[in-house]
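Below is one structure, written out as C-alpha cells; comments come after it.
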Amino acid sequence: MASSRPSDHFDSPAPEPGVAQPKLGFVEYLRFFWRQLTSMRTALFLLLLLAFAAIPGSLVPQTTSDPNGVIQYKEANPDLSKVLDFLQVFDTYSSIWFSAIYLLLFVSLIGCIIPRTKHHLQSLRTKPPKTPARLDRLAGYASTAVAPLGATAAADGIAAAQRQLKRAGYRTRLYETAAPGGATELSVSAERGYLRETGNLVFHAALVGVLVAVGIGGGFSYSGNKVVVEGQSFTNVLSGYDSFNPGRFFSDDALVPYSITVDKFTATYEETNLDAYGQPIDYTVDVTTEVPGEDPEQQTIKVNDPLRISGSSAYLLGNGYAPWITVRDGDGNIAFSQPVAFLPQDANLTSVGVIKVPDALPEQLGLQGFFYPTVCSDDVCGDGALTSVHPDLRDPTLTLQVFTGDLGLDEGVPTNAYALNIDNLTQVAGGDSDAAALLLKVGDSIDLPDGLGSVEFTGVQRFVSLDVHHDPTQFWVLLFAILVLAGLLTGLFVPRRRVWVKAQHGADGTRFEYAGLARGEDPLLETAVGDIARKHSESLGLTTVAAPSASQPIRVPRARS
Amino acid sequence: MTATLVTFSLVAIWSAMAMYALAFIAFTFDLARRATPDALSVPASVSAAATLEARAAARRGGTAVIERTTSAVDGAMRSTKWIRIAMAFTVIAWVLHVGGTVLRGAAAGRVPWANMFEFSLTATAIVVGVFLLVQFWQDLQFLGAYVTAFTLLLLGVATVNFYVDVVPLPPALQSAWLVIHVFVASLGTGFFALGAGLSIAQLLQADERKNKLRFLSTLPDAVRLENMAYRLIVIGFVFWTFTLIAGAIWAEHAWGRYWGWDTKEVWTFIIWTIFAGYIHARATRGWRGSRSAWLAIIGFVAVIFNFTIVNLFFKGLHAYSGL
Ligand code: HEM
C-alpha cells in the first residue's frame, strides 16, 4: 500500500535483500537515523516503552499527586529513596527519561505524519489506478454469463457501472486497455474510502495537538488553595491564597481579582440506611461571587459541579469544622476571637487544630487540640481517649492543651498555621503540666492557670477548602481529544477499497467482470463486491455465474468459522 | 424493600453462577469431544496449499480473500451437540445474571456499578453479553469455556470477597459521568476479553506441537483467529479511548484537573498505550502473528490488573471499591 506508510508497514513492498550498503556520509547517517526513528518498528517500540515506563510512577507516591505520601515513603525507606530520588521516580511523569520517551515518540509521530499527509493530499487528486489485466485473482471476483453484446452495449454497461459506483461514493475513472487479441477492453476503475487515511492522519495529528495544548496549558496555568470559613470571603489575588502553584509562564495579571464569599456550607449525612449511617451524601456551598465591574451573584458549588468564574474554576475539595474560640488574656482583654479551621482526621471529622495568640499579655499563648463534632462519651468508648462517632454536630466538644512562651512569629519566617512548634514553649495545661487539658462544650469558658487569662468555646462554624484552577488550554485539549476519537473512528472503520468492473470480450461474446482490492483491514470487501456485481448485472438483465476460481457462489454468506 | 431486592439480586447471581458452571462443563465437553473427520481426511497437501494461498492473499492486503480460500478448511469444523446445551445454559445464566444486576441497581436506586462488587456484576454481564451478541456476526462458540470460566471466577470473587451492602453514593460519584464512563469502560473490557481469548486460541493454533490438543484442529486457523481478534480489539480500543477522555472530563469536574497521574489514570493510560502498540504491531512487518497476539493478551491482563490489584492495593483518588 503505497510509499506513504513507513517502509516497514506490513503491506509496503518488502525490502530487497542483499543490497550492498554504501559507505555512509554524515548526511546519509542523519537520513538513516531519521528513517529509523520514523519507522513503524520504532513507533511500536517507543509506545511499549512508554507503557512500561509509566509503571513505576504508579508504585511509588508522586510529588505532584501525593506529596505527603512521598514524605512518608522517604521516612520508611531512606536508602531506597535516595536511589529513587536520583532516578526521579517520585516525579516519574516529568522525569528526564519519561519525557525523553514521549518526546522521541512525538518526533517520530510528526516525522510520520508529514510525508503521509503530503502523499495523501496527492492521492486525493489522483484518479483511481489502471484496471489490472487479470481480475480473477482478486477479492470477490465475479462475472456475468457470456452474452452477445455489441460494442455500444458493452460501453453502456460500463457507463452504468460507473454511475452506480459514483452513486455509492466511489471515485471512478474509465480505462481502455489493449486485450490480448488486439481488441480493446473497456473498464471502470473505482476507489473509495480516502476518509480512512484522512481519519488516521487526523488522529495522529490530534495526538500532537493534545500534547502541545497540554504543554502550553501547563505553562500558563495556575492553581491555588484557600480555606474559607462560613461568612468569610476569598479574593483571587496572590496574597489571598493559602498555597499557590503557578505555571512557568504565569504572571500576576492572569489573576482576575474577583471575590467569593462563602455564605453557607451544608453537609447532608445518611440517616436511615444503617449500613451507611453518617456517610456524606451531599455537600453544598452557597456563595456570593463578585467580579469587578459586575453585580454580585449568588451561586452554589458542589463536588461535581465547580463554580466557573472569570476563566477559572473553583472546586469544593474539602470541608471541616472551625470552632470559634475567644481568648482573653491576663489583663481581661480579648486577645483573640475568631473561628479556626481544624483539619479533619477521619470520616467522623475528629479534627486537629492550632491557635496562636501572639497578642496575649503577659505572655504569648499557643493552643493545640482536638475537635469532636459528636464526641463519644468516656463510658461508651472507654479508655479515656475521646473520638468522634458522627460527622454531624451532635455533641461538639473541644479539647485543648495550652502553651506559653515565644511563638516565633516575629522573626518574619513563614510558619505553618496548622502546626505549633513547642520546642521553646512551656506547657501550662494538659500533657505533663499541673493543670488538666481544657475540655469545652459550646459556650464554656475555662480560666487558664497562673492568671494567664481564659479560653472560651464560643461556637462552631463550617469551613470549606476551595481549589481554584485556571488552565487556558483546557478547551483545546478537549477539542483535540474529540478529534482523536473522531479520527480513530474513521481511521479504523471506514473501509478503503478499490473496485473494478470490466467488459471482457471473448470468442463467444462479452461478459462483465467484477473484483475488488482491500487497502487495509476490510472484512466486508467480498460482500461489497458481490452486491455491486449483482446490482449491476441485474440492471442489465444479465445473470452472474459462480466464480470459476472458488467453489462458492458470489454472494458470500455470512462468514462462519 | 431494599433488603428484599438485595436478597433477590443475590439469589439471581448465585443461580447464574450455577448455570455458568453447567455451561462451562458443557463447553469443555464440547471441546473434548470435537473431532473433525473432514478436516482430518483433507490430504495434507491440500490444506498446505490453502495456507499458502492465504499467506499470498495476506501479502496482497486482501484479508477477505483469506476467508474464502480457507473456508473450505474451516467448514470442516465440527462442534458437538454439547455446544447447544452449553449455549442454552449460558443464555439462561446470562438472563439471571442481568436480572440480578438490575435488581441490585433497583435496590440501590441507581446504576449498579458504583463499587467493586457491583462493577464486577455489570462488567461480567457485559462480557457475556458481548460474547452472545458476537455470535450473530461470527461463530465464536468455541470461546464459551473461556468466557464462562472467566465470568464464574470473577463473580465468585465478587460475591465472596468484594461484597458490600447497598450504600448511597458519596458526593464525588454523584455524576452523569459515573453512568457513562464506567459503563463504556466495561464495554471495552468485554471486547478486550474476547480479543484476548481469540489471541490465546491463535497462539495455541500457531504452536507447532498443536496435535496435543485435538480440538484445535476444529478451530479456525491462526490467521483467521488473528483477524477476528483484531476486529474485536479495535472496537474495544475505541471504547477505551472514550473511557479515557470521559474520565478526564469527569476528573476535571470532580477533582479540579483533567489529568493528574493518579494510579488509576496511569493504568488506564498504560492499557491504552499497550493496545495502541497492538494496533501498530498488526501493521508492522515482522510483528503480525504471535507477537501481536501476546500484546493483546498482555493488554487484557493489564485491564484485569487495573481492576483488581490497582483498586485494592494501590493508593489513589479512585478509592471507590467500597472495601
Ligand atoms: C503517540 C504515538 C502514537 C499513537 C498513540 C498511535 C496510535 C495509533 C492508533 C490508535 C492507530 C489506529 C487508528 C487509526 O488507524 O486511525 C494507529 C495507526 C497507525 N499509526 Fe500510529 N500512533 C502513534 C505513533 C505513530 C507513529 C510514530 C507512526 C509512524 C511511524 C504511526 C503510524 C501509524 C500507521 C501507519 C497506522 C495505520 C495502521 C494500519 O495500517 O492499520 N503511528 N496509530
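By convention in this document, the chains of the C-alpha cells carry letters A, B, ... by their order, each chain's residues are numbered from 1, and ligands are numbered from 1 in the order they are shown.
Pocket residues of ligand 1, taken as those with any atom at most 6 Å away using only C-alpha atoms and all ligand atoms, are Arg5, Pro6, Thr38, Ser39, Met40, Ala43, Leu105, Phe106, Ser108, Leu109, Cys112, Gly199, Asn200, Phe203, Gly487, Leu488, Gly491, Leu492 and Gly520 of chain A; Ala276, Ile279, His280 and Ala283 of chain B.
When the distance limit is 7 Å and only C-alpha atoms are what count, the residues near range 227-232 of chain A, minus those fewer than 3 positions from it on the same chain, are Thr261, Val262, Asp263, Lys264, Phe265, Ala322, Gln461, Arg462, Phe463, Val464, Ser465 and Leu466 of chain A.
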Can you list, as a PyMOL selection string, every protein, DNA or RNA residue that comes within 7 Å of Thr243 in chain B when you count only C-alpha atoms, leaving out same-chain residues fewer than 3 positions away?
chain B and resi 181+184-185+239-240+246-247
Include C-alpha atoms and write out the residues we just selected as a PDB file, in the first residue's frame.
```
ATOM      1  CA  HIS B 181     -17.519   6.454  31.912  1.00  0.00           C
ATOM      2  CA  VAL B 184     -18.165   2.280  28.437  1.00  0.00           C
ATOM      3  CA  ALA B 185     -15.096   1.015  30.273  1.00  0.00           C
ATOM      4  CA  PHE B 239     -14.440   2.336  23.815  1.00  0.00           C
ATOM      5  CA  TRP B 240     -11.292   2.555  25.892  1.00  0.00           C
ATOM      6  CA  ALA B 246     -14.648  10.768  29.650  1.00  0.00           C
ATOM      7  CA  GLY B 247     -12.584  10.003  32.747  1.00  0.00           C
TER       8      GLY B 247
END
```
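Closest approach to chain A among B:Leu173, B:Ile233, B:Phe191, B:Leu204 is made by B:Leu173 (distances from only C-alpha atoms).
Distances from A:Leu307, A:Ala507, A:Val402, A:Val188 to chain B were compared using only C-alpha atoms, and the smallest one belongs to A:Leu307.
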Only residues of chain A matter here; which ones have an atom within 6 Å of chain B, counting only C-alpha atoms? Give them as a PDB file with N, CA, C and O atoms, in the first residue's frame.
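Below is the file iface-v1.pdb, written as the result:
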```pdb
ATOM      1  N   ASP A   8       8.442  -0.003   6.872  1.00  0.00           N
ATOM      2  CA  ASP A   8       8.224  -1.352   7.410  1.00  0.00           C
ATOM      3  C   ASP A   8       6.769  -1.592   7.759  1.00  0.00           C
ATOM      4  O   ASP A   8       6.444  -2.462   8.551  1.00  0.00           O
ATOM      5  N   HIS A   9       5.862  -0.772   7.212  1.00  0.00           N
ATOM      6  CA  HIS A   9       4.444  -1.080   7.311  1.00  0.00           C
ATOM      7  C   HIS A   9       4.243  -2.420   6.630  1.00  0.00           C
ATOM      8  O   HIS A   9       4.855  -2.704   5.606  1.00  0.00           O
ATOM      9  N   PHE A  10       3.331  -3.244   7.170  1.00  0.00           N
ATOM     10  CA  PHE A  10       3.315  -4.634   6.712  1.00  0.00           C
ATOM     11  C   PHE A  10       3.002  -4.783   5.240  1.00  0.00           C
ATOM     12  O   PHE A  10       3.439  -5.723   4.615  1.00  0.00           O
ATOM     13  N   MET A  40       7.768   2.221  11.613  1.00  0.00           N
ATOM     14  CA  MET A  40       6.713   1.630  12.435  1.00  0.00           C
ATOM     15  C   MET A  40       7.313   0.917  13.636  1.00  0.00           C
ATOM     16  O   MET A  40       6.777   0.952  14.740  1.00  0.00           O
ATOM     17  N   LEU A  44       6.364   1.579  17.462  1.00  0.00           N
ATOM     18  CA  LEU A  44       5.855   0.484  18.290  1.00  0.00           C
ATOM     19  C   LEU A  44       6.711   0.308  19.537  1.00  0.00           C
ATOM     20  O   LEU A  44       6.210   0.227  20.659  1.00  0.00           O
ATOM     21  N   LEU A  47       6.145   3.176  21.920  1.00  0.00           N
ATOM     22  CA  LEU A  47       4.838   3.059  22.574  1.00  0.00           C
ATOM     23  C   LEU A  47       4.903   2.067  23.732  1.00  0.00           C
ATOM     24  O   LEU A  47       4.460   2.344  24.844  1.00  0.00           O
ATOM     25  N   ALA A  51       4.548   2.694  27.836  1.00  0.00           N
ATOM     26  CA  ALA A  51       3.653   1.973  28.746  1.00  0.00           C
ATOM     27  C   ALA A  51       4.442   1.422  29.924  1.00  0.00           C
ATOM     28  O   ALA A  51       4.042   1.535  31.080  1.00  0.00           O
ATOM     29  N   SER A  58       3.250   4.489  39.306  1.00  0.00           N
ATOM     30  CA  SER A  58       2.035   4.048  39.985  1.00  0.00           C
ATOM     31  C   SER A  58       2.369   3.222  41.225  1.00  0.00           C
ATOM     32  O   SER A  58       1.510   2.942  42.041  1.00  0.00           O
ATOM     33  N   ALA A 139      -9.998 -10.103  -4.942  1.00  0.00           N
ATOM     34  CA  ALA A 139     -11.044 -10.413  -3.972  1.00  0.00           C
ATOM     35  C   ALA A 139     -12.429 -10.260  -4.576  1.00  0.00           C
ATOM     36  O   ALA A 139     -12.691  -9.327  -5.337  1.00  0.00           O
ATOM     37  N   ALA A 276     -24.845   2.603  56.131  1.00  0.00           N
ATOM     38  CA  ALA A 276     -24.067   3.755  55.687  1.00  0.00           C
ATOM     39  C   ALA A 276     -24.312   4.933  56.612  1.00  0.00           C
ATOM     40  O   ALA A 276     -24.151   6.076  56.217  1.00  0.00           O
ATOM     41  N   ILE A 281     -23.800  12.360  52.003  1.00  0.00           N
ATOM     42  CA  ILE A 281     -24.478  12.171  50.724  1.00  0.00           C
ATOM     43  C   ILE A 281     -24.585  13.472  49.938  1.00  0.00           C
ATOM     44  O   ILE A 281     -24.878  13.447  48.754  1.00  0.00           O
ATOM     45  N   ASP A 282     -24.298  14.569  50.558  1.00  0.00           N
ATOM     46  CA  ASP A 282     -24.275  15.807  49.772  1.00  0.00           C
ATOM     47  C   ASP A 282     -23.490  16.899  50.487  1.00  0.00           C
ATOM     48  O   ASP A 282     -23.580  17.039  51.701  1.00  0.00           O
ATOM     49  N   VAL A 303     -19.573  19.123  44.749  1.00  0.00           N
ATOM     50  CA  VAL A 303     -18.372  18.337  44.477  1.00  0.00           C
ATOM     51  C   VAL A 303     -18.168  18.108  42.983  1.00  0.00           C
ATOM     52  O   VAL A 303     -17.074  18.256  42.469  1.00  0.00           O
ATOM     53  N   ASN A 304     -19.218  17.755  42.257  1.00  0.00           N
ATOM     54  CA  ASN A 304     -19.044  17.518  40.826  1.00  0.00           C
ATOM     55  C   ASN A 304     -19.461  18.710  39.996  1.00  0.00           C
ATOM     56  O   ASN A 304     -19.661  18.593  38.797  1.00  0.00           O
ATOM     57  N   ALA A 518      -8.746  -4.797  -1.153  1.00  0.00           N
ATOM     58  CA  ALA A 518      -8.822  -4.079   0.124  1.00  0.00           C
ATOM     59  C   ALA A 518      -7.534  -3.318   0.331  1.00  0.00           C
ATOM     60  O   ALA A 518      -6.469  -3.773  -0.049  1.00  0.00           O
ATOM     61  N   PRO A 523     -13.081  -6.322   6.269  1.00  0.00           N
ATOM     62  CA  PRO A 523     -13.727  -7.637   6.326  1.00  0.00           C
ATOM     63  C   PRO A 523     -14.918  -7.773   5.380  1.00  0.00           C
ATOM     64  O   PRO A 523     -15.303  -8.879   5.037  1.00  0.00           O
ATOM     65  N   ARG A 560     -18.660 -17.840   8.480  1.00  0.00           N
ATOM     66  CA  ARG A 560     -18.856 -18.813   9.563  1.00  0.00           C
ATOM     67  C   ARG A 560     -17.533 -19.470   9.812  1.00  0.00           C
ATOM     68  O   ARG A 560     -16.811 -19.776   8.883  1.00  0.00           O
ATOM     69  N   SER A 561     -17.227 -19.688  11.035  1.00  0.00           N
ATOM     70  CA  SER A 561     -15.931 -20.304  11.269  1.00  0.00           C
ATOM     71  C   SER A 561     -16.097 -21.798  11.440  1.00  0.00           C
ATOM     72  O   SER A 561     -17.138 -22.277  11.791  1.00  0.00           O
TER      73      SER A 561
END
```
*Could you please write out, as a ChimeraX atom specification, every residue of range 25-174 of chain A that DSSP assigns to strand (DSSP E)?*
/A:139-144,171-174
Show me, as a VMD selection string, the residues that have an atom within 9 Å of Asn424 in chain A when counting only C-alpha atoms, minus same-chain residues fewer than 5 positions from it.
chain A and resid 404 to 408
Kindly export the residues of the current selection with N, CA, C and O atoms, as an mmCIF file, in the first residue's frame.
```cif
data_model
loop_
_atom_site.group_PDB
_atom_site.id
_atom_site.type_symbol
_atom_site.label_atom_id
_atom_site.label_comp_id
_atom_site.auth_asym_id
_atom_site.auth_seq_id
_atom_site.Cartn_x
_atom_site.Cartn_y
_atom_site.Cartn_z
ATOM 1 N N THR A 404 2.701 28.509 76.763
ATOM 2 C CA THR A 404 3.078 29.916 76.749
ATOM 3 C C THR A 404 4.531 30.026 76.310
ATOM 4 O O THR A 404 5.277 29.047 76.342
ATOM 5 N N GLY A 405 4.889 31.264 75.944
ATOM 6 C CA GLY A 405 6.275 31.463 75.504
ATOM 7 C C GLY A 405 6.286 32.160 74.161
ATOM 8 O O GLY A 405 5.248 32.631 73.672
ATOM 9 N N ASP A 406 7.480 32.189 73.544
ATOM 10 C CA ASP A 406 7.635 32.880 72.265
ATOM 11 C C ASP A 406 7.161 31.983 71.128
ATOM 12 O O ASP A 406 7.734 30.920 70.882
ATOM 13 N N LEU A 407 6.123 32.404 70.409
ATOM 14 C CA LEU A 407 5.568 31.584 69.323
ATOM 15 C C LEU A 407 6.450 31.612 68.077
ATOM 16 O O LEU A 407 6.217 30.874 67.124
ATOM 17 N N GLY A 408 7.427 32.501 68.079
ATOM 18 C CA GLY A 408 8.337 32.552 66.930
ATOM 19 C C GLY A 408 7.713 33.194 65.709
ATOM 20 O O GLY A 408 8.138 32.942 64.590
#
```
What separates CA of Phe90 in chain A and CA of Thr63 in chain A is a distance of 5.8 Å
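For the pair CA of Ala125 in chain B and CA of Asp30 in chain B, the separation is 23.0 Å.
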The distance between CA of Pro323 in chain A and CA of Leu398 in chain A is 8.1 Å
**Request:** as an NGL selection string, list the residues of range 90-281 of chain B assigned to helix (DSSP H, G or I) by DSSP on the backbone atoms of this structure.
**Result:** :B and (90-108 or 116-134 or 141-161 or 171-173 or 176-206 or 210-212 or 214-218 or 222-255 or 263-281)
Shortest contact to Leu10 in chain B, candidates B:Asn161, B:Thr101, B:Gln202, B:Thr151, atoms counted only C-alpha atoms, goes to B:Thr101
